[in-house]
file target-v5.cif (mmCIF, C-alpha atoms)
data_model
loop_
_atom_site.label_atom_id
_atom_site.label_comp_id
_atom_site.auth_asym_id
_atom_site.auth_seq_id
_atom_site.Cartn_x
_atom_site.Cartn_y
_atom_site.Cartn_z
CA MET A 1 -23.01 -7.47 12.20
CA SER A 2 -20.99 -4.39 11.33
CA LEU A 3 -19.69 -2.22 14.14
CA GLU A 4 -19.53 0.80 11.84
CA LEU A 5 -22.23 3.36 12.59
CA ASP A 6 -22.91 7.05 11.94
CA VAL A 7 -25.41 8.75 14.23
CA PRO A 8 -26.53 12.18 13.02
CA PHE A 9 -28.31 14.56 15.36
CA GLU A 10 -29.27 18.20 15.62
CA THR A 11 -29.12 20.25 18.81
CA ASN A 12 -31.90 22.52 20.05
CA GLU A 13 -29.76 25.41 18.83
CA GLY A 14 -29.78 23.98 15.28
CA TYR A 15 -26.21 22.66 15.09
CA GLN A 16 -25.76 19.39 13.25
CA TYR A 17 -23.36 16.66 14.33
CA ILE A 18 -22.40 13.18 13.25
CA VAL A 19 -21.12 10.71 15.83
CA SER A 20 -19.15 8.00 13.99
CA PHE A 21 -18.11 4.62 15.34
CA THR A 22 -15.33 2.90 13.37
CA GLU A 23 -13.75 -0.46 14.14
CA PHE A 24 -9.94 -0.53 14.23
CA GLN A 25 -9.02 -2.93 11.43
CA SER A 26 -5.32 -3.30 12.21
CA VAL A 27 -4.51 -3.55 15.88
CA PRO A 28 -1.00 -4.77 16.81
CA LYS A 29 -2.38 -7.16 19.44
CA THR A 30 -5.42 -9.39 19.54
CA TYR A 31 -7.94 -8.50 22.22
CA LYS A 32 -11.04 -10.37 23.38
CA LEU A 33 -13.21 -7.47 22.21
CA PRO A 34 -13.08 -5.31 19.09
CA LEU A 35 -11.68 -1.80 19.53
CA VAL A 36 -13.92 0.92 18.12
CA SER A 37 -12.93 4.55 17.75
CA ILE A 38 -15.48 7.30 18.09
CA SER A 39 -15.45 10.73 16.50
CA ILE A 40 -17.86 13.59 16.94
CA ALA A 41 -17.95 15.92 13.95
CA LEU A 42 -19.74 19.23 13.66
CA VAL A 43 -21.22 19.41 10.15
CA SER A 44 -22.84 22.84 10.45
CA SER A 45 -21.14 26.17 11.05
CA PRO A 46 -18.64 26.47 13.91
CA ILE A 47 -20.01 27.28 17.34
CA GLU A 48 -18.49 28.80 20.45
CA THR A 49 -20.07 26.61 23.13
CA ASN A 50 -22.24 23.55 23.56
CA SER A 51 -25.05 23.38 26.05
CA LEU A 52 -24.98 20.82 28.83
CA LYS A 53 -27.93 19.15 27.09
CA THR A 54 -25.85 18.69 23.92
CA LEU A 55 -22.94 17.23 25.86
CA ASN A 56 -25.34 14.78 27.53
CA ILE A 57 -26.54 13.71 24.07
CA PHE A 58 -22.96 12.79 23.16
CA ILE A 59 -22.71 10.55 26.21
CA LYS A 60 -26.15 9.06 25.57
CA VAL A 61 -25.16 8.11 22.00
CA VAL A 62 -21.98 6.42 23.29
CA LEU A 63 -23.81 4.44 25.97
CA GLU A 64 -26.58 3.35 23.58
CA TYR A 65 -23.93 2.06 21.19
CA LEU A 66 -22.29 0.12 24.04
CA GLU A 67 -25.65 -1.36 25.03
CA GLN A 68 -25.99 -2.78 21.52
CA ASN A 69 -22.35 -3.79 20.88
CA ASP A 70 -19.88 -5.73 23.00
CA VAL A 71 -16.78 -3.63 22.28
CA ILE A 72 -14.22 -1.32 23.83
CA ILE A 73 -14.59 2.26 22.65
CA TYR A 74 -11.41 4.24 22.16
CA PHE A 75 -12.27 7.91 22.60
CA ILE A 76 -9.72 10.65 21.92
CA CYS A 77 -10.59 14.29 22.46
CA ASP A 78 -9.80 16.59 19.57
CA THR A 79 -7.61 19.67 19.60
CA ALA A 80 -9.91 22.06 17.72
CA PRO A 81 -10.08 25.57 19.19
CA ILE A 82 -12.74 26.29 21.80
CA LYS A 83 -13.71 29.43 23.62
CA MET A 84 -12.93 29.35 27.32
CA ARG A 85 -13.55 32.00 29.93
CA ASP A 86 -10.67 34.45 30.23
CA ASN A 87 -10.86 34.36 34.01
CA ARG A 88 -10.35 30.58 34.19
CA LYS A 89 -7.76 29.96 36.91
CA ILE A 90 -6.57 26.62 35.58
CA LYS A 91 -5.12 26.75 32.07
CA LEU A 92 -5.74 23.58 30.06
CA SER A 93 -5.16 22.72 26.43
CA ASN A 94 -8.32 22.40 24.34
CA GLN A 95 -7.96 18.62 24.32
CA GLU A 96 -7.34 18.40 28.06
CA PHE A 97 -10.34 20.64 28.76
CA ARG A 98 -12.64 18.41 26.67
CA PHE A 99 -11.16 15.32 28.34
CA THR A 100 -11.72 16.70 31.85
CA LEU A 101 -15.27 17.74 30.99
CA PHE A 102 -16.10 14.35 29.44
CA LEU A 103 -14.72 12.47 32.47
CA ALA A 104 -16.69 14.66 34.87
CA MET A 105 -19.92 14.15 32.95
CA PHE A 106 -19.41 10.39 32.66
CA ASN A 107 -18.54 10.06 36.36
CA LYS A 108 -21.63 12.09 37.26
CA LEU A 109 -23.72 9.23 35.82
CA LYS A 110 -22.34 6.91 38.50
CA SER A 111 -22.89 4.03 36.09
CA GLU A 112 -22.53 0.54 37.47
CA ILE A 113 -22.97 -0.90 33.97
CA PHE A 114 -20.18 0.94 32.12
CA TYR A 115 -16.53 1.45 32.97
CA LEU A 116 -14.37 4.33 31.75
CA GLN A 117 -10.60 4.26 32.03
CA PRO A 118 -8.76 7.49 31.22
CA VAL A 119 -5.41 7.21 29.44
CA VAL A 120 -3.00 10.10 28.91
CA LEU A 121 -0.24 9.51 26.39
CA THR A 122 2.82 11.71 26.80
CA ASP A 123 4.01 13.54 23.70
CA LYS A 124 6.68 16.15 24.38
CA ILE A 125 6.62 17.38 20.79
CA GLY A 126 2.92 17.48 19.87
CA GLY A 127 1.43 17.76 23.35
CA ASN A 128 -0.20 15.02 25.40
CA HIS A 129 -3.01 12.91 23.95
CA TYR A 130 -6.07 12.62 26.18
CA THR A 131 -8.01 9.42 25.58
CA ALA A 132 -10.47 7.13 27.31
CA LEU A 133 -11.43 3.49 27.01
CA ILE A 134 -15.08 2.66 27.67
CA SER A 135 -16.92 -0.65 27.86
CA ARG A 136 -19.14 -2.68 30.15
CA THR A 137 -17.95 -3.00 33.72
CA PHE A 138 -17.38 -6.75 33.43
CA HIS A 139 -14.75 -6.02 30.71
CA GLN A 140 -12.64 -3.98 33.13
CA LYS A 141 -9.73 -6.45 32.98
CA GLU A 142 -9.63 -6.26 29.17
CA ILE A 143 -9.76 -2.46 29.30
CA GLU A 144 -6.81 -2.47 31.71
CA THR A 145 -4.88 -4.69 29.26
CA VAL A 146 -5.52 -2.26 26.40
CA LYS A 147 -4.57 0.66 28.66
CA SER A 148 -1.31 -1.03 29.60
CA ASP A 149 -0.51 -1.59 25.93
CA LEU A 150 -1.24 2.04 25.11
CA GLU A 151 0.95 3.21 27.97
CA GLU A 152 3.88 1.42 26.32
CA PHE A 153 4.05 4.56 24.15
CA ASN A 154 4.89 6.54 27.32
CA ARG A 155 7.68 4.15 28.26
CA ASN A 156 9.18 4.15 24.76
CA LYS A 157 9.67 7.94 24.62
#

call {"tool": "encode", "arguments": {"input": "target-v5.cif", "output": "structure tokens"}}
result
Amino acid sequence: MSLELDVPFETNEGYQYIVSFTEFQSVPKTYKLPLVSISIALVSSPIETNSLKTLNIFIKVVLEYLEQNDVIIYFICDTAPIKMRDNRKIKLSNQEFRFTLFLAMFNKLKSEIFYLQPVVLTDKIGGNHYTALISRTFHQKEIETVKSDLEEFNRNK
């Protein structure tokens, strides 16, 4: 069974997205589970904000995929511009803001079935990379192994 999947959806506001799941074909190490990257692409005109309902749809699509596939999802937040309130006290990069929001929404679920491990990769030139590894809770040890391997990038800089 292929792990590749595109999930199109349209928000209540009429914006169209495609959530794509793509298996990493060349991974330097062999893991017990396949690694699958996820991307969320807006295919309609740019928007300034997403509703909480839309953000919950993103998480729902991810969890439904995990219910049907025994994998580790590698999620990296993009750096595309977003509109943030001018009076925001804490200044975050666009990627860090999305990362923080995604973690908060996932943690709000208080899922005992799924485990999310945040990973921040240090990049002094291009800016940090905010990622997360997600799978079923009983794969926590394998997720920690992948995280450790990813963090080698931090040690090699």

call {"tool": "closest_residue", "arguments": {"input": "target-v5.cif", "among": "A:Val61, A:Leu33, A:Leu92, A:Ile76", "to": "Val7 (chain A)", "atoms": "only C-alpha atoms"}}
result
A:Val61

call {"tool": "residues_around", "arguments": {"input": "target-v5.cif", "residues": "region 96-100 of chain A", "least_positions_apart": "2", "cutoff": "8 Å", "atoms": "all atoms listed in the file", "output": "number ranges by chain"}}
result
A: 77-78, 92-94, 102-104, 130-131

call {"tool": "residues_around", "arguments": {"input": "target-v5.cif", "residues": "Thr11 (chain A)", "least_positions_apart": "2", "cutoff": "12 Å", "atoms": "only C-alpha atoms", "output": "ChimeraX atom specification"}}
result
/A:8-9,13-18,42-44,47,49-58

call {"tool": "write_last_selection", "arguments": {"input": "target-v5.cif", "atoms": "C-alpha atoms", "output": "CSV table (one decimal), keeping the file's coordinate frame"}}
result
chain,number,residue,atom,x,y,z
A,8,PRO,CA,-26.5,12.2,13.0
A,9,PHE,CA,-28.3,14.6,15.4
A,13,GLU,CA,-29.8,25.4,18.8
A,14,GLY,CA,-29.8,24.0,15.3
A,15,TYR,CA,-26.2,22.7,15.1
A,16,GLN,CA,-25.8,19.4,13.2
A,17,TYR,CA,-23.4,16.7,14.3
A,18,ILE,CA,-22.4,13.2,13.2
A,42,LEU,CA,-19.7,19.2,13.7
A,43,VAL,CA,-21.2,19.4,10.2
A,44,SER,CA,-22.8,22.8,10.4
A,47,ILE,CA,-20.0,27.3,17.3
A,49,THR,CA,-20.1,26.6,23.1
A,50,ASN,CA,-22.2,23.6,23.6
A,51,SER,CA,-25.0,23.4,26.0
A,52,LEU,CA,-25.0,20.8,28.8
A,53,LYS,CA,-27.9,19.2,27.1
A,54,THR,CA,-25.8,18.7,23.9
A,55,LEU,CA,-22.9,17.2,25.9
A,56,ASN,CA,-25.3,14.8,27.5
A,57,ILE,CA,-26.5,13.7,24.1
A,58,PHE,CA,-23.0,12.8,23.2

call {"tool": "closest_residue", "arguments": {"input": "target-v5.cif", "among": "A:Arg136, A:Lys147, A:Lys141, A:Lys110", "to": "Glu67 (chain A)", "atoms": "all atoms listed in the file"}}
result
A:Arg136

call {"tool": "closest_residue", "arguments": {"input": "target-v5.cif", "among": "A:Val120, A:Ile73, A:Ala132, A:Leu150", "to": "Ser37 (chain A)", "atoms": "all atoms listed in the file"}}
result
A:Ile73

call {"tool": "closest_residue", "arguments": {"input": "target-v5.cif", "among": "A:Ser111, A:Asn69, A:Asp149, A:Thr122", "to": "Tyr31 (chain A)", "atoms": "all atoms listed in the file"}}
result
A:Asp149

call {"tool": "residues_around", "arguments": {"input": "target-v5.cif", "residues": "Gln140 (chain A)", "least_positions_apart": "2", "cutoff": "12 Å", "atoms": "only C-alpha atoms", "output": "list in words"}}
result
Lys32, Leu33, Val71, Ile72, Glu112, Ile113, Phe114, Tyr115, Leu116, Gln117, Leu133, Ile134, Ser135, Arg136, Thr137, Phe138, Glu142, Ile143, Glu144, Thr145, Val146 and Lys147 of chain A

call {"tool": "closest_residue", "arguments": {"input": "target-v5.cif", "among": "A:Leu101, A:Pro28, A:Ile40, A:Tyr65", "to": "Leu5 (chain A)", "atoms": "only C-alpha atoms"}}
result
A:Tyr65

call {"tool": "atom_distance", "arguments": {"input": "target-v5.cif", "atom1": "CA of Ile125 (chain A)", "atom2": "CA of Tyr74 (chain A)"}}
result
22.4 Å

call {"tool": "atom_distance", "arguments": {"input": "target-v5.cif", "atom1": "CA of Glu152 (chain A)", "atom2": "CA of Lys29 (chain A)"}}
result
12.7 Å

call {"tool": "closest_residue", "arguments": {"input": "target-v5.cif", "among": "A:Lys108, A:Val119, A:Thr22, A:Lys91", "to": "Leu35 (chain A)", "atoms": "all atoms listed in the file"}}
result
A:Thr22

call {"tool": "atom_distance", "arguments": {"input": "target-v5.cif", "atom1": "CA of Gln95 (chain A)", "atom2": "CA of Val19 (chain A)"}}
result
17.5 Å

call {"tool": "decode", "arguments": {"input": "target-v5.cif", "residues": "region 105-145 of chain A", "atoms": "N, CA and C atoms", "output": "compact mmCIF listing (two decimals), in the first residue's frame"}}
result
# COMPACT_ATOMS: atom_id res chain seq x y z
N MET A 105 -2.18 23.50 19.73
CA MET A 105 -3.43 22.86 19.30
C MET A 105 -3.35 21.35 19.48
N PHE A 106 -2.23 20.75 19.15
CA PHE A 106 -2.07 19.31 19.32
C PHE A 106 -2.15 18.94 20.80
N ASN A 107 -1.44 19.68 21.64
CA ASN A 107 -1.44 19.39 23.07
C ASN A 107 -2.81 19.59 23.70
N LYS A 108 -3.60 20.48 23.13
CA LYS A 108 -4.96 20.71 23.63
C LYS A 108 -5.82 19.45 23.48
N LEU A 109 -5.49 18.63 22.49
CA LEU A 109 -6.24 17.38 22.27
C LEU A 109 -6.04 16.39 23.42
N LYS A 110 -4.92 16.50 24.12
CA LYS A 110 -4.58 15.58 25.20
C LYS A 110 -4.72 14.12 24.74
N SER A 111 -4.19 13.86 23.57
CA SER A 111 -4.29 12.53 22.97
C SER A 111 -3.42 11.52 23.72
N GLU A 112 -4.02 10.39 24.04
CA GLU A 112 -3.27 9.29 24.61
C GLU A 112 -2.87 8.29 23.53
N ILE A 113 -3.36 8.51 22.32
CA ILE A 113 -3.11 7.60 21.20
C ILE A 113 -1.89 8.05 20.39
N PHE A 114 -1.72 9.38 20.26
CA PHE A 114 -0.66 9.92 19.41
C PHE A 114 0.35 10.69 20.24
N TYR A 115 1.59 10.65 19.77
CA TYR A 115 2.70 11.30 20.45
C TYR A 115 3.36 12.28 19.49
N LEU A 116 3.59 13.49 19.96
CA LEU A 116 4.25 14.52 19.16
C LEU A 116 5.53 14.92 19.88
N GLN A 117 6.62 14.91 19.13
CA GLN A 117 7.91 15.33 19.68
C GLN A 117 8.43 16.51 18.87
N PRO A 118 8.49 17.70 19.48
CA PRO A 118 9.03 18.85 18.76
C PRO A 118 10.55 18.72 18.61
N VAL A 119 11.06 19.23 17.48
CA VAL A 119 12.49 19.24 17.21
C VAL A 119 12.83 20.59 16.59
N VAL A 120 13.77 21.30 17.20
CA VAL A 120 14.23 22.57 16.64
C VAL A 120 15.67 22.38 16.19
N LEU A 121 15.90 22.61 14.90
CA LEU A 121 17.24 22.48 14.34
C LEU A 121 17.86 23.87 14.20
N THR A 122 19.02 24.05 14.78
CA THR A 122 19.68 25.34 14.79
C THR A 122 20.34 25.61 13.44
N ASP A 123 20.07 26.78 12.89
CA ASP A 123 20.68 27.22 11.64
C ASP A 123 20.98 28.70 11.79
N LYS A 124 22.23 29.02 12.06
CA LYS A 124 22.63 30.41 12.30
C LYS A 124 22.56 31.25 11.05
N ILE A 125 22.60 30.64 9.89
CA ILE A 125 22.57 31.39 8.64
C ILE A 125 21.14 31.59 8.15
N GLY A 126 20.38 30.51 8.04
CA GLY A 126 19.03 30.59 7.48
C GLY A 126 17.92 30.73 8.51
N GLY A 127 18.27 30.69 9.79
CA GLY A 127 17.25 30.71 10.84
C GLY A 127 16.89 29.29 11.23
N ASN A 128 16.45 29.12 12.46
CA ASN A 128 16.12 27.80 12.97
C ASN A 128 15.01 27.14 12.16
N HIS A 129 15.00 25.81 12.18
CA HIS A 129 13.98 25.02 11.49
C HIS A 129 13.12 24.37 12.58
N TYR A 130 11.82 24.65 12.53
CA TYR A 130 10.89 24.16 13.55
C TYR A 130 10.11 22.99 12.98
N THR A 131 10.35 21.81 13.56
CA THR A 131 9.77 20.58 13.05
C THR A 131 9.11 19.80 14.18
N ALA A 132 8.37 18.78 13.80
CA ALA A 132 7.76 17.89 14.78
C ALA A 132 7.70 16.49 14.19
N LEU A 133 7.83 15.51 15.04
CA LEU A 133 7.66 14.11 14.68
C LEU A 133 6.40 13.62 15.38
N ILE A 134 5.53 12.94 14.63
CA ILE A 134 4.25 12.51 15.17
C ILE A 134 4.00 11.06 14.78
N SER A 135 3.57 10.26 15.75
CA SER A 135 3.19 8.88 15.49
C SER A 135 2.33 8.40 16.64
N ARG A 136 2.05 7.11 16.65
CA ARG A 136 1.30 6.53 17.76
C ARG A 136 2.18 6.51 19.01
N THR A 137 1.55 6.61 20.15
CA THR A 137 2.26 6.69 21.42
C THR A 137 3.21 5.50 21.62
N PHE A 138 2.81 4.31 21.19
CA PHE A 138 3.67 3.16 21.43
C PHE A 138 4.91 3.15 20.53
N HIS A 139 5.06 4.16 19.65
CA HIS A 139 6.28 4.31 18.84
C HIS A 139 7.17 5.43 19.40
N GLN A 140 6.94 5.80 20.64
CA GLN A 140 7.68 6.92 21.24
C GLN A 140 9.19 6.68 21.18
N LYS A 141 9.64 5.47 21.45
CA LYS A 141 11.07 5.17 21.44
C LYS A 141 11.66 5.38 20.04
N GLU A 142 10.95 4.98 19.02
CA GLU A 142 11.43 5.16 17.65
C GLU A 142 11.45 6.65 17.28
N ILE A 143 10.46 7.39 17.74
CA ILE A 143 10.44 8.84 17.50
C ILE A 143 11.65 9.49 18.16
N GLU A 144 11.97 9.07 19.37
CA GLU A 144 13.12 9.63 20.07
C GLU A 144 14.42 9.31 19.34
N THR A 145 14.50 8.14 18.71
CA THR A 145 15.68 7.78 17.91
C THR A 145 15.81 8.71 16.72
